[in-house]
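Enquirer: Before I ask anything, here is the structure I am working with.
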Amino acid sequence: MQHLYSSLVTHYEKALSFQDRVVEHERRCGHILPESEALLEILAENLVEARRSLDRVTHSHH
């Protein structure tokens, strides 16, 4: 289970990083899409939850 959550955290980190670059590019070009910013927020929230789940699983084994 710990490996699953660790993998999930890694995937969210990569997706968040990619989406952050998309939003920054849109800002520089002056074409900010609300959907892009909303997705960035959702990914950030999901990353926080995935990290919490990983912490719970990690600490429950100690």
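In the structure tokens, each chain is lettered A, B, ... as it comes, each chain's residues begin at 1, and ligands are numbered from 1 in order of appearance.
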List the spatial neighbours of region 50-62 of chain A as a compact mmCIF listing (two decimals) with all heavy atoms, in the first residue's frame - criterion: any atom at most 10 Å away, only C-alpha atoms, same-chain residues fewer than 5 positions off excluded.
Expert:
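Output file result.txt follows:
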```txt
# COMPACT_ATOMS: atom_id res chain seq x y z
N MET A 1 0.82 -1.19 0.00
CA MET A 1 0.00 0.00 0.00
C MET A 1 0.87 1.26 0.00
O MET A 1 0.55 2.24 -0.67
CB MET A 1 -0.92 -0.04 1.22
CG MET A 1 -2.04 0.94 1.13
SD MET A 1 -3.10 0.54 -0.27
CE MET A 1 -4.65 1.00 0.33
N GLN A 2 1.97 1.20 0.74
CA GLN A 2 2.87 2.35 0.81
C GLN A 2 3.44 2.67 -0.58
O GLN A 2 3.52 3.82 -0.98
CB GLN A 2 3.99 2.08 1.80
CG GLN A 2 4.94 3.25 1.98
CD GLN A 2 5.99 2.99 3.04
OE1 GLN A 2 5.92 2.01 3.76
NE2 GLN A 2 6.97 3.86 3.13
N HIS A 3 3.78 1.62 -1.33
CA HIS A 3 4.32 1.81 -2.68
C HIS A 3 3.27 2.47 -3.58
O HIS A 3 3.61 3.35 -4.39
CB HIS A 3 4.77 0.48 -3.27
CG HIS A 3 5.26 0.59 -4.67
ND1 HIS A 3 6.45 1.19 -5.00
CD2 HIS A 3 4.70 0.20 -5.84
CE1 HIS A 3 6.60 1.16 -6.31
NE2 HIS A 3 5.55 0.57 -6.85
N LEU A 4 2.03 2.07 -3.44
CA LEU A 4 0.95 2.65 -4.24
C LEU A 4 0.81 4.15 -3.98
O LEU A 4 0.77 4.95 -4.93
CB LEU A 4 -0.37 1.94 -3.93
CG LEU A 4 -1.61 2.50 -4.61
CD1 LEU A 4 -1.56 2.24 -6.10
CD2 LEU A 4 -2.86 1.87 -4.02
N TYR A 5 0.76 4.53 -2.72
CA TYR A 5 0.63 5.96 -2.38
C TYR A 5 1.88 6.75 -2.78
O TYR A 5 1.78 7.89 -3.22
CB TYR A 5 0.32 6.15 -0.89
CG TYR A 5 -1.12 5.85 -0.55
CD1 TYR A 5 -1.44 4.87 0.38
CD2 TYR A 5 -2.16 6.53 -1.16
CE1 TYR A 5 -2.75 4.58 0.69
CE2 TYR A 5 -3.47 6.25 -0.85
CZ TYR A 5 -3.76 5.27 0.07
OH TYR A 5 -5.07 4.99 0.38
N SER A 6 3.03 6.13 -2.63
CA SER A 6 4.27 6.80 -3.02
C SER A 6 4.27 7.07 -4.52
O SER A 6 4.65 8.15 -4.98
CB SER A 6 5.46 5.92 -2.64
OG SER A 6 6.65 6.54 -3.00
N SER A 7 3.81 6.11 -5.27
CA SER A 7 3.69 6.24 -6.72
C SER A 7 2.68 7.34 -7.08
O SER A 7 2.91 8.15 -7.98
CB SER A 7 3.23 4.91 -7.29
OG SER A 7 3.77 4.67 -8.52
N LEU A 8 1.58 7.35 -6.38
CA LEU A 8 0.54 8.36 -6.61
C LEU A 8 1.07 9.76 -6.35
O LEU A 8 0.84 10.69 -7.13
CB LEU A 8 -0.67 8.06 -5.71
CG LEU A 8 -1.93 8.86 -5.95
CD1 LEU A 8 -2.45 8.65 -7.37
CD2 LEU A 8 -3.00 8.47 -4.94
N VAL A 9 1.80 9.93 -5.26
CA VAL A 9 2.41 11.23 -4.93
C VAL A 9 3.35 11.66 -6.05
O VAL A 9 3.32 12.80 -6.51
CB VAL A 9 3.15 11.16 -3.57
CG1 VAL A 9 4.05 12.38 -3.38
CG2 VAL A 9 2.15 11.07 -2.42
N THR A 10 4.17 10.74 -6.52
CA THR A 10 5.11 11.05 -7.59
C THR A 10 4.38 11.50 -8.86
O THR A 10 4.76 12.48 -9.49
CB THR A 10 6.01 9.83 -7.90
OG1 THR A 10 6.74 9.49 -6.72
CG2 THR A 10 6.98 10.12 -9.02
N TYR A 12 1.34 12.82 -9.07
CA TYR A 12 0.74 14.14 -8.84
C TYR A 12 1.80 15.24 -8.88
O TYR A 12 1.55 16.33 -9.39
CB TYR A 12 -0.03 14.19 -7.52
CG TYR A 12 -1.46 13.72 -7.65
CD1 TYR A 12 -1.94 12.66 -6.91
CD2 TYR A 12 -2.34 14.36 -8.52
CE1 TYR A 12 -3.25 12.22 -7.03
CE2 TYR A 12 -3.65 13.94 -8.65
CZ TYR A 12 -4.10 12.86 -7.91
OH TYR A 12 -5.40 12.44 -8.04
N ALA A 44 -3.00 20.40 -7.03
CA ALA A 44 -2.33 20.75 -5.76
C ALA A 44 -3.08 20.16 -4.57
O ALA A 44 -2.47 19.60 -3.66
CB ALA A 44 -2.20 22.26 -5.63
N GLU A 45 -4.40 20.26 -4.59
CA GLU A 45 -5.21 19.70 -3.50
C GLU A 45 -5.08 18.19 -3.44
O GLU A 45 -4.95 17.60 -2.36
CB GLU A 45 -6.68 20.09 -3.68
CG GLU A 45 -6.94 21.57 -3.46
CD GLU A 45 -8.33 22.00 -3.93
OE1 GLU A 45 -9.14 21.13 -4.32
OE2 GLU A 45 -8.59 23.22 -3.91
```
Enquirer: Considering only C-alpha atoms, return as a list in words whatever protein or nucleic-acid residues lie within 7 Å of region 15-28 of chain A, sequence-local ones (same chain, fewer than 2 positions apart) excluded.
Expert: His11, Tyr12, Glu13, Gly30, His31, Ile32, Ser36, Glu37, Leu40, Leu43 and Ala44 of chain A
